[in-house]
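Next comes upload27.txt, a file with compact mmCIF, C-alpha atoms.
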# COMPACT_ATOMS: atom_id res chain seq x y z
CA MET O 887 -10.15 -24.25 -5.35
CA GLY O 888 -12.73 -25.99 -7.58
CA LYS O 889 -12.55 -26.37 -11.33
CA THR O 890 -15.59 -24.13 -11.82
CA GLU O 891 -14.04 -21.28 -9.82
CA ASN O 892 -10.74 -21.66 -11.67
CA TYR O 893 -12.58 -21.55 -14.99
CA LEU O 894 -14.56 -18.45 -14.00
CA LYS O 895 -11.42 -16.67 -12.83
CA GLN O 896 -9.54 -17.49 -16.03
CA LEU O 897 -12.52 -16.51 -18.19
CA PHE O 898 -12.88 -13.20 -16.37
CA VAL O 899 -9.22 -12.29 -16.86
CA ILE O 900 -9.36 -13.22 -20.54
CA VAL O 901 -12.50 -11.10 -21.10
CA VAL O 902 -11.11 -8.07 -19.30
CA ILE O 903 -7.80 -8.26 -21.14
CA ALA O 904 -9.67 -8.51 -24.42
CA MET O 905 -11.80 -5.48 -23.56
CA PHE O 906 -8.90 -3.33 -22.49
CA ALA O 907 -6.15 -4.64 -24.78
CA PHE O 908 -5.28 -1.09 -25.82
CA ALA O 909 -6.01 0.66 -22.52
CA SER O 910 -3.38 2.91 -20.97
CA ILE O 911 -1.84 1.38 -17.87
CA PHE O 912 0.83 2.03 -15.29
CA SER O 913 3.02 -0.81 -14.11
CA THR O 914 5.33 -0.64 -11.11
CA SER O 915 7.97 -2.44 -13.15
CA ILE O 916 7.38 -0.82 -16.56
CA VAL O 917 6.40 2.82 -16.84
CA VAL O 918 4.00 3.46 -19.70
CA SER O 919 2.78 6.82 -20.91
CA ALA O 920 -0.83 7.44 -19.92
CA ASN O 921 -1.58 8.34 -23.54
CA SER O 922 0.13 5.40 -25.22
CA GLU O 923 -1.66 2.38 -26.63
CA VAL O 924 -0.49 -0.77 -24.86
CA ASP O 925 -1.32 -4.41 -25.39
CA LEU O 926 -2.00 -5.81 -21.92
CA GLY O 927 -1.03 -9.22 -23.20
CA GLU O 928 2.51 -7.96 -23.73
CA VAL O 929 2.92 -5.74 -20.68
CA THR O 930 3.00 -7.39 -17.25
CA THR O 931 3.89 -6.36 -13.74
CA ASN O 932 5.81 -8.41 -11.21
CA ASN O 933 3.74 -7.06 -8.36
CA LEU O 934 0.07 -7.30 -9.35
CA PRO O 935 -1.53 -10.72 -8.81
CA SER O 936 -2.43 -12.62 -11.96
CA ASP O 937 -6.16 -12.14 -11.43
CA ALA O 938 -5.93 -8.32 -11.15
CA VAL O 939 -6.14 -6.13 -14.24
CA ILE O 940 -5.64 -2.37 -14.49
CA THR O 941 -8.73 -1.40 -16.46
CA GLN O 942 -8.15 2.36 -16.49
CA ASN O 943 -5.20 4.63 -15.89
CA ASP O 944 -4.87 8.30 -16.70
CA ASP O 945 -3.84 11.49 -14.95
CA ARG O 946 -6.88 11.32 -12.68
CA ILE O 947 -8.19 7.76 -12.30
CA THR O 948 -6.54 4.41 -11.76
CA GLU O 949 -9.00 1.51 -11.69
CA ILE O 950 -8.17 -2.12 -10.97
CA THR O 951 -10.59 -5.04 -11.28
CA TYR O 952 -10.00 -8.39 -9.63
CA MET O 953 -11.73 -11.53 -8.38
CA GLU O 954 -11.95 -12.76 -4.81
CA ASN O 955 -13.82 -15.96 -3.83
CA GLY O 956 -15.76 -15.88 -7.10
CA GLY O 957 -16.82 -12.23 -6.79
CA VAL O 958 -15.71 -9.46 -9.14
CA TYR O 959 -14.47 -6.32 -7.35
CA THR O 960 -13.35 -2.96 -8.67
CA THR O 961 -11.08 -0.67 -6.69
CA SER O 962 -10.18 2.80 -7.89
CA ILE O 963 -8.39 5.95 -6.87
CA ASP O 964 -9.33 9.50 -7.86
CA LYS O 965 -6.03 11.36 -7.74
CA GLU O 966 -7.65 14.77 -8.17
CA LEU O 967 -10.17 14.37 -5.35
CA GLU O 968 -7.74 12.18 -3.34
CA LYS O 969 -10.39 9.52 -2.74
CA MET O 970 -10.42 5.72 -2.97
CA TYR O 971 -13.36 3.48 -3.82
CA LEU O 972 -14.34 -0.19 -3.69
CA GLU O 973 -17.26 -1.49 -5.77
CA TYR O 974 -19.02 -4.84 -5.79
CA ASN O 975 -22.30 -5.92 -7.38
CA GLY O 976 -23.35 -2.34 -8.12
CA ILE O 977 -22.66 -1.09 -4.56
CA LYS O 978 -19.90 1.48 -4.27
CA TYR O 979 -18.03 2.40 -1.09
CA GLU O 980 -15.54 5.13 -0.36
CA MET O 981 -12.54 3.76 1.53
CA ILE O 982 -11.30 6.22 4.15
CA VAL O 983 -8.00 5.18 5.74
CA GLU O 984 -7.27 6.99 9.00
CA ALA O 985 -4.04 5.26 9.97
CA PHE O 986 -1.56 2.67 8.82
CA GLU O 987 0.38 0.43 11.18
CA SER O 988 3.30 -1.87 10.44
CA ASP O 989 4.30 -4.66 12.84
CA ILE O 990 7.87 -5.58 11.88
CA GLU O 991 8.17 -8.38 14.43
CA ASN O 992 5.09 -10.26 13.19
CA GLU O 993 5.45 -9.12 9.57
CA GLU O 994 1.92 -7.74 9.43
CA SER O 995 0.36 -4.48 8.33
CA LYS O 996 -2.96 -3.04 9.40
CA PHE O 997 -5.20 -0.32 8.02
CA LEU O 998 -7.52 1.62 10.32
CA GLY O 999 -10.51 3.56 9.01
CA HIS O 1000 -14.00 3.08 7.62
CA LEU O 1001 -16.09 2.49 4.51
CA VAL O 1002 -18.94 4.75 3.44
CA ASN O 1003 -21.77 3.39 1.30
CA ILE O 1004 -22.02 6.06 -1.43
CA GLU O 1005 -25.77 5.54 -1.97
CA THR O 1006 -27.02 5.20 1.62
CA GLY O 1007 -24.31 6.99 3.59
CA LYS O 1008 -23.99 4.07 6.02
CA ILE O 1009 -20.59 3.73 7.65
CA ILE O 1010 -18.69 0.51 8.35
CA GLU O 1011 -15.61 0.59 10.56
CA PHE O 1012 -12.73 -1.53 9.31
CA GLU O 1013 -12.66 -3.26 12.69
CA ASP O 1014 -16.24 -4.44 12.20
CA LEU O 1015 -15.16 -6.35 9.10
CA HIS O 1016 -13.01 -8.52 11.39
CA ASN O 1017 -16.28 -9.96 12.71
CA SER O 1018 -16.60 -11.83 9.44
CA LYS O 1019 -14.56 -14.97 8.93
CA SER O 1020 -15.30 -14.98 5.22
CA GLU O 1021 -16.97 -12.88 2.58
CA ILE O 1022 -20.25 -14.73 3.13
CA GLY O 1023 -20.12 -15.05 6.90
CA ILE O 1024 -21.02 -11.50 7.92
CA THR O 1025 -22.54 -11.13 11.36
CA PRO O 1026 -26.28 -10.26 11.22
CA SER O 1027 -25.84 -6.65 12.33
CA PHE O 1028 -23.70 -6.07 9.25
CA ALA O 1029 -25.66 -8.19 6.80
CA TRP O 1030 -26.23 -5.24 4.52
CA VAL O 1031 -22.51 -5.04 3.74
CA ALA O 1032 -22.15 -8.66 2.59
CA PRO O 1033 -20.07 -9.93 0.92
CA LEU O 1034 -17.36 -7.51 2.07
CA ALA O 1035 -14.85 -8.57 4.71
CA MET O 1036 -11.37 -7.60 5.83
CA PRO O 1037 -9.52 -9.76 3.27
CA VAL O 1038 -11.37 -8.04 0.41
CA LEU O 1039 -10.68 -4.58 1.84
CA THR O 1040 -7.02 -5.33 2.48
CA LYS O 1041 -6.52 -6.65 -1.03
CA ALA O 1042 -8.31 -3.63 -2.51
CA LEU O 1043 -5.98 -1.24 -0.68
CA GLU O 1044 -2.91 -3.25 -1.61
CA LEU O 1045 -3.86 -3.20 -5.30
CA LEU O 1046 -4.20 0.59 -5.15
CA LEU O 1047 -0.84 0.85 -3.44
CA VAL O 1048 0.88 -1.38 -5.98
CA GLY O 1049 -1.08 -0.56 -9.13
CA ALA O 1050 -1.62 3.15 -8.57
CA SER O 1051 1.60 3.49 -6.52
CA MET O 1052 -0.22 5.39 -3.76
CA ILE O 1053 -3.06 5.40 -1.27
CA TYR O 1054 -4.40 8.22 0.88
CA VAL O 1055 -4.11 8.15 4.65
CA ALA O 1056 -5.61 10.84 6.89
CA ASN O 1057 -5.74 13.45 4.12
CA SER O 1058 -2.17 12.75 3.04
CA SER O 1059 -0.72 10.19 0.68
CA PHE O 1060 1.97 7.57 0.81
CA VAL O 1061 3.65 5.88 -2.11
CA ILE O 1062 5.76 2.84 -2.86
CA ALA O 1063 9.50 3.45 -2.84
CA SER O 1064 9.84 3.57 -6.64
CA GLU O 1065 7.68 6.72 -6.60
CA ALA O 1066 9.69 8.47 -3.86
CA THR O 1067 10.21 11.51 -6.07
CA GLN O 1068 6.48 12.24 -5.72
CA MET O 1069 6.98 12.82 -2.02
CA THR O 1070 10.35 14.58 -2.16
CA SER O 1071 8.98 17.08 -4.66
CA LYS O 1072 5.72 17.56 -2.74
CA TYR O 1073 7.29 18.35 0.67
CA LYS O 1074 10.19 20.62 1.59
CA GLU O 1075 11.33 18.55 4.60
CA ASN O 1076 14.43 16.36 4.52
CA TYR O 1077 12.76 13.44 6.29
CA PHE O 1078 9.55 11.50 5.66
CA ALA O 1079 7.42 9.07 7.62
CA ALA O 1080 7.96 5.57 6.26
CA TRP O 1081 6.79 2.01 6.89
CA ILE O 1082 7.19 -1.55 5.71
CA TYR O 1083 3.97 -2.79 4.11
CA TYR O 1084 3.35 -6.53 4.48
CA PRO O 1085 0.55 -7.92 2.28
CA ASN O 1086 -1.56 -9.91 4.72
CA HIS O 1087 -4.31 -11.25 2.48
CA THR O 1088 -1.95 -13.99 1.29
CA ASN O 1089 0.79 -16.10 2.80
CA SER O 1090 3.39 -14.11 0.91
CA LYS O 1091 6.33 -12.71 2.84
CA ASP O 1092 6.95 -10.08 0.18
CA SER O 1093 6.99 -6.54 1.51
CA TYR O 1094 7.20 -2.99 0.22
CA VAL O 1095 8.79 0.17 1.59
CA VAL O 1096 6.16 2.92 1.57
CA ILE O 1097 6.86 6.61 2.08
CA GLY O 1098 4.52 9.16 3.59
CA GLN O 1099 4.41 12.87 4.35
CA GLY O 1100 7.39 15.08 5.09
CA ILE O 1101 8.39 15.44 8.75
CA SER O 1102 10.95 17.46 10.72
CA SER O 1103 14.25 15.99 11.92
CA GLY O 1104 12.80 16.01 15.44
CA GLU O 1105 9.77 14.01 14.29
CA ALA O 1106 12.07 11.63 12.42
CA GLU O 1107 14.12 11.05 15.56
CA ALA O 1108 10.93 10.56 17.59
CA ARG O 1109 9.76 7.89 15.15
CA LEU O 1110 13.07 6.05 15.47
CA MET O 1111 12.88 6.29 19.26
CA VAL O 1112 9.68 4.22 19.26
CA GLY O 1113 10.93 1.72 16.68
CA GLN O 1114 9.26 3.25 13.64
CA SER O 1115 11.05 4.11 10.40
CA THR O 1116 11.93 7.12 8.28
CA PHE O 1117 13.00 7.98 4.74
CA ALA O 1118 15.66 10.64 4.09
CA ARG O 1119 16.42 12.70 0.99
CA THR O 1120 20.07 11.64 0.97
CA GLU O 1121 22.31 8.94 2.39
CA ALA O 1122 24.10 11.54 4.54
CA LEU O 1123 20.81 12.57 6.13
CA ALA O 1124 19.85 8.93 6.67
CA LYS O 1125 23.06 8.43 8.64
CA SER O 1126 23.09 11.70 10.55
CA ILE O 1127 19.68 11.18 12.18
CA PHE O 1128 21.34 8.68 14.54
CA LYS O 1129 23.57 9.57 17.49
CA SER O 1130 25.83 6.73 16.35
CA LEU O 1131 25.55 3.95 13.79
CA ASP O 1132 25.02 0.28 14.60
CA ARG O 1133 25.21 -0.97 11.03
CA GLY O 1134 24.59 -0.10 7.40
CA PRO O 1135 24.10 0.53 4.68
CA GLU O 1136 22.22 -2.69 4.06
CA GLN O 1137 19.47 -3.71 1.66
CA HIS O 1138 17.50 -6.93 2.11
CA GLY O 1139 16.19 -7.31 -1.43
CA PRO O 1140 16.14 -5.77 -4.89
CA PHE O 1141 15.12 -2.19 -5.61
CA PRO O 1142 12.47 -0.76 -5.71
CA ASP O 1143 10.63 -2.88 -3.14
CA PHE O 1144 13.65 -2.71 -0.84
CA LEU O 1145 15.81 0.33 -0.10
CA PRO O 1146 19.24 0.74 1.49
CA HIS O 1147 19.10 1.90 5.08
CA TYR O 1148 20.96 2.41 8.34
CA HIS O 1149 20.31 1.33 11.90
CA GLY O 1150 21.69 3.17 14.88
CA LYS O 1151 21.28 4.65 18.34
CA VAL O 1152 18.77 7.35 19.30
CA PRO O 1153 17.96 9.00 22.65
CA ASN O 1154 16.36 6.68 25.18
CA GLU O 1155 12.98 8.22 25.97
CA ASN O 1156 12.88 6.43 29.34
CA LYS O 1157 16.41 7.35 30.42
CA PRO O 1158 17.32 10.97 29.61
CA GLY O 1159 20.92 11.45 28.57
CA GLN O 1160 21.33 7.85 27.40
CA ASN O 1161 21.06 6.36 23.92
CA ILE O 1162 19.47 3.13 22.79
CA SER O 1163 19.54 1.12 19.55
CA SER O 1164 16.46 1.67 17.40
CA ASN O 1165 14.56 -1.08 15.62
CA GLY O 1166 13.51 1.48 13.01
CA HIS O 1167 15.00 1.84 9.54
CA SER O 1168 16.45 5.06 8.16
CA TRP O 1169 15.94 4.50 4.43
CA TYR O 1170 17.22 6.54 1.51
CA LEU O 1171 16.83 6.28 -2.24
CA GLY O 1172 19.50 4.09 -3.78
CA ASN O 1173 20.34 0.55 -4.78
CA ILE O 1174 23.25 -1.42 -3.30
CA TRP O 1175 21.64 -4.77 -4.00
CA LYS O 1176 24.06 -7.23 -5.53
Translate this file's structure into structure tokens.
Amino acid sequence: MGKTENYLKQLFVIVVIAMFAFASIFSTSIVVSANSEVDLGEVTTNNLPSDAVITQNDDRITEITYMENGGVYTTSIDKELEKMYLEYNGIKYEMIVEAFESDIENEESKFLGHLVNIETGKIIEFEDLHNSKSEIGITPSFAWVAPLAMPVLTKALELLLVGASMIYVANSSFVIASEATQMTSKYKENYFAAWIYYPNHTNSKDSYVVIGQGISSGEAEARLMVGQSTFARTEALAKSIFKSLDRGPEQHGPFPDFLPHYHGKVPNENKPGQNISSNGHSWYLGNIWK
């Protein structure tokens, strides 16, 4: 990274912090009242990158501004309308996430969906952004979307997930583990769809447990049968979803990014009447980290 780019990045962060020194913010490590006056120079988060600043946070909007390859981007979430946006150079896009996939073996996460240009209505599929190897290398058929590319989109969604503690997927929401009460109060079910989120715009191996909509015990078992994960209201429910336990409870890092969980056997979908060990996690809210 050149000296000029470093200087611009540092200057941008300093200017934004100065502008919003008394803005109301939410941090995943420090909870601040939306109405309180907070000096951003004194309040930090362990999860947001150093070049990302929460420039607005209230009951409806969370807005985060950051730099990527010399460009200034703004990502925001409207919690009342349940919509997410990405803005660059005066062009604003709605980010519509249709699915979220987590590959535990390769430690990767993938969002599926599309962007909508608010002004023109043009639609860009997330997959099309893979055609670009960088923010300035867009293929000609998608020249009008430059300088967006998959790394920018992925970072934008991650900042919403970490900074706003939620993103919206297929007309539902999922939250980071520290905000699990949002989901347990919203749904009546005892089990919830859950994933590991791996940030893939950096080389970081950090990960987050994210919790989605409520599901039935049958749906929870079905997820575990195909190696996906669940979140349960209680430890007892987390254990009882299995036919037998292989191991647990275990927790691979500090709360709230990591949660205690069990592993165990579930019905083998290919061999009726037999059980098989699941690769999925059955998480619950707690902290056994030592």
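Of the listed residues O:Glu1121, O:Glu1013, O:Ser1059, O:Asn1076, the one whose atoms come nearest to Leu1046 in chain O is O:Ser1059, with distances taken using only C-alpha atoms.
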Nearest-residue call for Phe986 in chain O, choices O:Lys1157, O:Tyr1084, O:Arg1133, O:Asp1143, using all atoms listed in the file: O:Tyr1084
Any idea what's packed within 7 Å of Glu1136 in chain O, counting all atoms listed in the file, ignoring anything in its chain fewer than 6 positions away? Could you give it as a ChimeraX atom specification? /O:1146-1148
Write out as a Markdown table a residue-level contact list of range 1043-1071 of chain O versus range 967-971 of chain O with cut-off 12 Å: for each qualifying residue the closest pair of atoms and the distance in Å to one decimal, counting all atoms listed in the file, rows sorted by chain and residue number upward.
| residue | atom | partner | partner_atom | distance |
| --- | --- | --- | --- | --- |
| O:Leu1043 | CA | O:Met970 | CA | 8.6 |
| O:Glu1044 | CA | O:Met970 | CA | 11.8 |
| O:Leu1045 | CA | O:Met970 | CA | 11.3 |
| O:Leu1046 | CA | O:Met970 | CA | 8.4 |
| O:Leu1047 | CA | O:Met970 | CA | 10.8 |
| O:Ala1050 | CA | O:Met970 | CA | 10.7 |
| O:Met1052 | CA | O:Glu968 | CA | 10.1 |
| O:Ile1053 | CA | O:Met970 | CA | 7.6 |
| O:Tyr1054 | CA | O:Glu968 | CA | 6.7 |
| O:Val1055 | CA | O:Glu968 | CA | 9.7 |
| O:Ala1056 | CA | O:Glu968 | CA | 10.5 |
| O:Asn1057 | CA | O:Glu968 | CA | 7.8 |
| O:Ser1058 | CA | O:Glu968 | CA | 8.5 |
| O:Ser1059 | CA | O:Glu968 | CA | 8.3 |
| O:Phe1060 | CA | O:Glu968 | CA | 11.5 |
Could you name the residues that touch Ile950 in chain O at 6 Å or less, counting only C-alpha atoms, but leaving out those on the same chain fewer than 3 positions away, as JSON, numbers by chain? {"O": [939, 940, 941, 960, 961]}
Convert the current residue selection to file output with C-alpha atoms, as a compact mmCIF listing (two decimals), in the coordinates of the input.
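File produced: again-v9.txt:
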# COMPACT_ATOMS: atom_id res chain seq x y z
CA VAL O 939 -6.14 -6.13 -14.24
CA ILE O 940 -5.64 -2.37 -14.49
CA THR O 941 -8.73 -1.40 -16.46
CA THR O 960 -13.35 -2.96 -8.67
CA THR O 961 -11.08 -0.67 -6.69
Show me as a ChimeraX atom specification the residues that reach within 12 Å of (27.4, -5.6, -4.1), counting only C-alpha atoms and using the file's own coordinates. /O:1135-1140,1146,1173-1176
I need the residues from that last selection saved to file as a short mmCIF file (atom, residue, chain, number, x, y, z; two decimals), keeping the file's coordinate frame (with C-alpha atoms), if you can.
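Written out: result16.cif:
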data_model
loop_
_atom_site.label_atom_id
_atom_site.label_comp_id
_atom_site.auth_asym_id
_atom_site.auth_seq_id
_atom_site.Cartn_x
_atom_site.Cartn_y
_atom_site.Cartn_z
CA PRO O 1135 24.10 0.53 4.68
CA GLU O 1136 22.22 -2.69 4.06
CA GLN O 1137 19.47 -3.71 1.66
CA HIS O 1138 17.50 -6.93 2.11
CA GLY O 1139 16.19 -7.31 -1.43
CA PRO O 1140 16.14 -5.77 -4.89
CA PRO O 1146 19.24 0.74 1.49
CA ASN O 1173 20.34 0.55 -4.78
CA ILE O 1174 23.25 -1.42 -3.30
CA TRP O 1175 21.64 -4.77 -4.00
CA LYS O 1176 24.06 -7.23 -5.53
#
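Picture a line from CA of Val1002 in chain O to CA of Glu987 in chain O; it runs 21.3 Å.
Interatomic distance, CA of Ile1004 in chain O to CA of Tyr952 in chain O: 20.5 Å.
From CA of Glu1065 in chain O back to CA of Leu1123 in chain O, the distance works out to 19.2 Å.
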With distances taken over all atoms listed in the file, which residue among O:Glu1075, O:Glu993, O:Glu1107, O:Glu984 lies nearest Thr1120 in chain O? O:Glu1075
